[in-house]
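*Asks:* Below are the structure tokens for one structure; questions will follow.
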Amino acid sequence: MLRRLALLTLAAVATFVSSPTAPVSAQSSASTGALAEMAAKVRMFTLDNGLRVILYDRGEAPVFAGAVVVRVGGSDEVVGETGISHLFEHMAFKGSSDVGTNNYSRERRLLARLEELAAESNAAQDLSPEQKKEWDEIHEELRELWISDDFTRRYDKQGATGQNATTDKEFTKYFVNLPRSAFEFWCEMESERLVDPVMRQFYQERDVVLEERRMRFEDDPGGRLYELLLGVAYQRHPYRAPVIGYERDIRSLTATRLEAFRKRYYVPSNMVVSIVGKINPERDMPVIEKYFGRIPAGPAVVRNIDSEGPQQGERRVTLRMAASPELIVAYRKPNYPDPDDAPISVMAEILAGSKISPLYSELVKRRQVATAIGNDEGPGTAYPNLLMFSASVKAPHSPDDVLHAFDSVITRFKRSGATAAQLEVAKRAIGVAYLGHLQSNQSLALDFASSELEYGTWKASVDWYEAMSKVTVPDIKRVAEKYLSSDSRTIAVIEPEKQEGAR
Amino acid sequence: MKRTIFSLVVCAALAHVAGCASLGGASLSDPERAAEVASFKPVQPERWTLSNGLTVLYLQDDELPLVSGKLFIRGGSLWATDVPTGSVSAMGDQMRQGGAGQLSADALDMEIEELAAGITSTMSQEFGAVAFASLASDFDRVFSIFSDVVLRPRFEPERLALWKGQSLESIRRRKDDPSTVASVSFLQLIYGDTPYGRVAVERDVAAISRAGLQGLHQRLVRPDGAILVVTGRIDRKHVEEAVQRHFGSWRARGTALPPPPADSYTPKPGVYFVTLPFSQATVHMGQIGIPRLTPDYPQIDIFNEVFGSSGFGSRLMARVRTELGLSYGIYGAISPAVVKGTNYIFVQTKAESVAPAIEASLGVLEGLQDAPPTEQEVQEKKAAIRNSFVFNFDSPEEIAGRQARLELLKYPSDYDQTYLPKIEAVTPQEVSEVARKRWDPSQFVVVVVGSEKAYQSLAQQMKEEGSPLKAFDLKKLGFESALVGR
């Protein structure tokens, strides 16, 4: 995701509500127009346990989007335990001592025995024949006690739509849309899984995640290439490991380790609850307090993460596989709130964000060496990250043909910079795109929560947008010269195998 | 990223139309908040029809300074059997990409970007859609360009050549993605060499011509039966005048389109294996299905929820993913279409568990054929449909767009009023009846895309006594030869 996806949502309103036809740079501050209206209606509360709650009442329909965001993800993981945040996210749908079982006291004893066996058998990977027999017998018994997918089925019954969760480098996000009638239900269920999750069906779910890994990485050339790119662009920082985890690490996880992980990261000071849609703070806060107030306070999360240090020279990684050729060029860049962050995003929009952009015009339309161009920033937002350009190489050209054409555009752009017209079009495009983004209760709820967690203010979007709207032509030239340097980039390519029957 | 908000996929927009009669918010514990849901009365779109047959659905929405709209056209590749496969899809793309009216293709791109607007155009089997999104202040200009895209596309040769290059590349790339290989092969084995099953290959793309696109545009892009939806910060008078000015003189050429062609192909059951070196095996299996709105459609909706369309609430997911840990993604449903849809199950699993995953999926289907679901299960699904109904009406765009889809699919005008009562009346026995009447695993076409290891494991397990796959022939298929009749 572009980091502006996470940050920008709010701000666009101000720009276009106050005087839609004026150029962006002429806009008044973000405190005017609909943004001010919106900001005035957003309310934030902090519960006694330290949990922050953001509420925004909007719209006519009696529906709301509810989000619980936890500041934990791939960047908090160490090798040996990669993938634990994501696997926990899966397990957070398995229910509690009340939800998902018809006899928890029996189940608890059986689950505890599974963990003893796992501890003796390298996370249940090397069960002896006797252990395997006992393992299977326990599962036979457990199957009688389990009510599969009880947690999500209860949501369905209430009319839930779009229920899901995601894990990225920094955040684990749980979200759903519900009719207003299910408000108390939502508070109860969400707090339940934070306070009292039961790690049932863990070893089946570990297999499910291995299937997910096969689908997303092993069988997806783009996914594999991205994993390789991060492993080369980052040598020390945890961004180098995939969020889904290395296969060996996933196989070595146990329910016991997930419990320890939860106790460390799922503490109120490390989470934000956010609700957008029909909500009545006066009436609804007591309900929120009743349920989310149950979560015990815990020690603040302490992070000790190695920084990457400067890159001194171009890096390159090649994936040779039976797949169509692809190219990614990734430049190191600072992350927000560095003042260069917004100009870099605008520069990327100018260079590759539209059909009139120099990269699209040159590579796709004129030279026809690629069929599509993309740009993205990532892999996360909390640490210095990458500006990435990608191209689908068009046969019979090679990734190096595309790179050659790409470099000629970049060289020219660094020399001449952007025109004032290009700059205005790009800013306008970014702004209008986010007007659309604003329409979704769910995107807003997730933005508020992640901005609050990462920057200590849900308004971080506004600040980013204000910075974006002030970017100048000289800013673009400056960041182009500073960051589009071959010494600080990593090139990742898929080169096709040349054998018969290759796919 | 910004383009995604304007994108539209005609099939997706039309595939699922759920509807209901009244907002019956049924909460168990919170009568006060439930009453808020129950008393909600969504606004209705305003509707008028031009003399040429174009219907307009309009709903004002002042929240953001935007206006968006979508024109749905009745007509698609089902009525274009005399041109190279892929022509209609090319025509849809090139209406927007090839320039329009006074604007060359480059000038059109430039102006749309400068306005920070969006215009997209697509054509599929049965329908076409041209959409725009604009700042309210730029509506007049964007709507004028939009009308040029609909009525006066230029189909510039350079842009068609560019499209051809991109299409050839995407055809080459089909085999990079196991799901694409599986779905293309499945489609062709189910529908054969008919307008329902044809998929463009290299020589089709080569044969597409500018004159062909112009002819298709004349034939397929017609006002009679077309529906234009407009929502946003704009008043009715303004919309009425703009529509009259730009579309008032639009006339249909030639006679109205006949009903879509019959589908005469009979699929040959069997297990078809496409060998490609993926770590997972991807399975698409099922049989030819039914048209839309058969009398048992409420029963089918409940069946789908119980069986495999409702994610974690479905039996397929509970069995194959949650209990057996065999798959990350599994889905199954009866999916009606204009003449004959498909009944299908999709599942992905590791090479050595392809047979167990197929067998477990078939087991879920047979379970529903042999015994009705529990009363509680059916009640859960009814509650899910009833309580999520409000999401069909949670924004003006949603309300107007949904109304357009209902009209486009020619659903009866009392569909909304009768849907929920019909759903409430469905019994567990009727759900089982759907499983028996609509599904016949002996007629299944099973496409498996996977490695040689997956093939060996499947071949071995199919021979075993008691395997429901024992009766099936297993046949290897080259991906290219899966393009039936070519």
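Every chain in the structure tokens has a letter given in the order shown (A, B, ...), and although residue numbers restart at 1 in each chain, ligands are simply numbered from 1 in the order shown.
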Chain B residues within 6 Å of chain A, counting only C-alpha atoms: which ones, as a ChimeraX atom specification?
*Replies:* /B:2,27,33-34,37,114,116,166,175-176,278,313,325,327-328,380,383-384,387-388,394
*Asks:* DSSP on the backbone: which residues in range 325-444 of chain B end up as alpha helix (DSSP H)? Give the answer as a PyMOL selection string.
*Replies:* chain B and resi 354-370+375-388+396-408+415-425+428-438
*Asks:* Write the selection just made, keeping C-alpha atoms, as a CSV table (one decimal), in the first residue's frame?
*Replies:*
```csv
chain,number,residue,atom,x,y,z
B,354,VAL,CA,-5.9,-32.7,-4.1
B,355,ALA,CA,-7.9,-35.9,-3.9
B,356,PRO,CA,-8.9,-35.5,-0.2
B,357,ALA,CA,-9.9,-31.9,-0.9
B,358,ILE,CA,-12.1,-32.8,-3.9
B,359,GLU,CA,-13.6,-35.8,-2.0
B,360,ALA,CA,-14.3,-33.7,1.1
B,361,SER,CA,-16.0,-31.0,-1.0
B,362,LEU,CA,-18.2,-33.6,-2.8
B,363,GLY,CA,-18.9,-35.1,0.7
B,364,VAL,CA,-20.3,-31.7,1.8
B,365,LEU,CA,-22.6,-31.6,-1.3
B,366,GLU,CA,-23.7,-35.2,-0.8
B,367,GLY,CA,-24.4,-34.5,2.8
B,368,LEU,CA,-26.9,-31.9,1.8
B,369,GLN,CA,-28.4,-34.2,-0.8
B,370,ASP,CA,-28.9,-37.0,1.7
B,375,GLU,CA,-33.5,-25.9,11.3
B,376,GLN,CA,-31.0,-23.8,13.3
B,377,GLU,CA,-28.6,-23.6,10.3
B,378,VAL,CA,-31.4,-22.4,8.0
B,379,GLN,CA,-32.6,-19.9,10.6
B,380,GLU,CA,-29.1,-18.5,10.8
B,381,LYS,CA,-28.9,-17.9,7.1
B,382,LYS,CA,-32.3,-16.3,7.0
B,383,ALA,CA,-31.2,-13.9,9.8
B,384,ALA,CA,-28.0,-13.2,7.9
B,385,ILE,CA,-29.9,-12.2,4.8
B,386,ARG,CA,-32.5,-10.2,6.7
B,387,ASN,CA,-30.1,-8.3,8.9
B,388,SER,CA,-27.5,-7.5,6.2
B,396,PRO,CA,-27.4,6.9,-2.6
B,397,GLU,CA,-24.9,5.3,-5.1
B,398,GLU,CA,-25.7,1.9,-3.7
B,399,ILE,CA,-29.5,2.5,-3.9
B,400,ALA,CA,-29.6,3.8,-7.4
B,401,GLY,CA,-27.1,1.3,-8.7
B,402,ARG,CA,-29.0,-1.6,-7.3
B,403,GLN,CA,-32.2,-0.4,-8.8
B,404,ALA,CA,-30.5,-0.2,-12.2
B,405,ARG,CA,-29.2,-3.8,-11.9
B,406,LEU,CA,-32.7,-5.1,-11.0
B,407,GLU,CA,-34.2,-3.4,-14.0
B,408,LEU,CA,-31.4,-4.5,-16.3
B,415,TYR,CA,-39.0,-8.4,-6.3
B,416,ASP,CA,-38.0,-6.3,-3.3
B,417,GLN,CA,-41.4,-6.5,-1.7
B,418,THR,CA,-41.6,-10.3,-2.0
B,419,TYR,CA,-38.1,-11.3,-1.4
B,420,LEU,CA,-37.8,-11.5,2.3
B,421,PRO,CA,-41.2,-13.2,2.9
B,422,LYS,CA,-40.1,-15.8,0.3
B,423,ILE,CA,-36.8,-16.3,2.1
B,424,GLU,CA,-38.6,-16.6,5.4
B,425,ALA,CA,-40.7,-19.4,4.0
B,428,PRO,CA,-34.6,-27.2,5.4
B,429,GLN,CA,-36.3,-29.9,3.2
B,430,GLU,CA,-36.4,-27.4,0.3
B,431,VAL,CA,-32.7,-26.7,0.7
B,432,SER,CA,-32.0,-30.4,0.4
B,433,GLU,CA,-34.3,-30.6,-2.6
B,434,VAL,CA,-32.1,-27.9,-4.3
B,435,ALA,CA,-29.0,-30.0,-3.6
B,436,ARG,CA,-30.7,-33.0,-5.2
B,437,LYS,CA,-32.4,-31.3,-8.1
B,438,ARG,CA,-29.8,-28.8,-9.1
```
*Asks:* Using DSSP assignments from the backbone, pull out every residue in range 303-404 of chain A that falls under strand (DSSP E or B) and give it to me as number ranges by chain.
*Replies:* A: 315-321, 326-333, 370-378, 385-393
*Asks:* Excluding Phe448 in chain A and its own-chain neighbours fewer than 5 positions away, which residues fall within 9 Å of it when counting only C-alpha atoms? Please give them as a PyMOL selection string.
*Replies:* chain A and resi 6-7+54+272+274+443+453+457-461
*Asks:* Between A:Val78, A:Ala123, A:Ala391, A:Ala445, single out the one closest to Val176 in chain A, counting only C-alpha atoms.
*Replies:*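 Closest residue, counting only C-alpha atoms: A:Ala445.
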*Asks:* Near Asn385 in chain A, counting only C-alpha atoms, which residues have an atom at most 9 Å away, once you skip same-chain residues fewer than 4 positions from it, shown as a VMD selection string?
*Replies:* chain A and resid 239 331 to 335 377 to 381
*Asks:* Rounded to one decimal in Å, what is the spacing between CA of Ala405 in chain A and CA of Arg367 in chain A?
*Replies:* 8.1 Å
*Asks:* Which polymer residues have any atom within 7 Å of an atom of range 218-222 of chain B, counting only C-alpha atoms, with same-chain residues fewer than 5 positions away left out, as a VMD selection string?
*Replies:* chain B and resid 73 75 to 76 252 to 253
*Asks:* Tell me which protein, DNA and RNA residues are within 10 Å of Asp93 in chain B, counting only C-alpha atoms, leaving out same-chain ones fewer than 6 positions away, and put them as JSON, numbers by chain.
*Replies:* {"B": [87, 120, 121, 122, 123, 130, 155, 160, 163]}
*Asks:* Can those selected residues be exported to a file as a CSV table (one decimal), in the first residue's frame so that it contains N, CA and C atoms?
*Replies:*
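Saved result, result.csv, follows:
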```
chain,number,residue,atom,x,y,z
B,87,SER,N,-13.5,-9.3,-29.8
B,87,SER,CA,-13.8,-8.0,-30.4
B,87,SER,C,-14.7,-7.1,-29.6
B,120,THR,N,-14.5,5.3,-17.6
B,120,THR,CA,-14.1,3.9,-18.0
B,120,THR,C,-15.2,3.3,-18.9
B,121,SER,N,-14.8,2.4,-19.7
B,121,SER,CA,-15.8,1.7,-20.5
B,121,SER,C,-15.5,0.2,-20.7
B,122,THR,N,-16.5,-0.6,-20.5
B,122,THR,CA,-16.2,-2.1,-20.7
B,122,THR,C,-17.5,-2.7,-21.3
B,123,MET,N,-17.2,-3.8,-22.0
B,123,MET,CA,-18.3,-4.6,-22.6
B,123,MET,C,-18.0,-6.0,-22.2
B,130,VAL,N,-20.5,2.2,-19.2
B,130,VAL,CA,-19.6,3.3,-19.3
B,130,VAL,C,-19.8,4.2,-18.1
B,155,PHE,N,-11.9,5.3,-32.1
B,155,PHE,CA,-11.2,4.0,-32.4
B,155,PHE,C,-9.9,4.3,-33.2
B,160,LEU,N,-5.6,1.0,-30.9
B,160,LEU,CA,-6.0,-0.4,-31.1
B,160,LEU,C,-4.8,-1.3,-31.1
B,163,TRP,N,-3.6,-1.7,-27.7
B,163,TRP,CA,-4.4,-2.7,-27.0
B,163,TRP,C,-4.1,-4.1,-27.4
```
*Asks:* For Val274 in chain B, work out the shell of residues within 10 Å, counting only C-alpha atoms and skipping chain neighbours fewer than 5 positions away, then give it as a PyMOL selection string.
*Replies:* chain B and resi 178+181-182+185+281-282+447-452+455+475-482
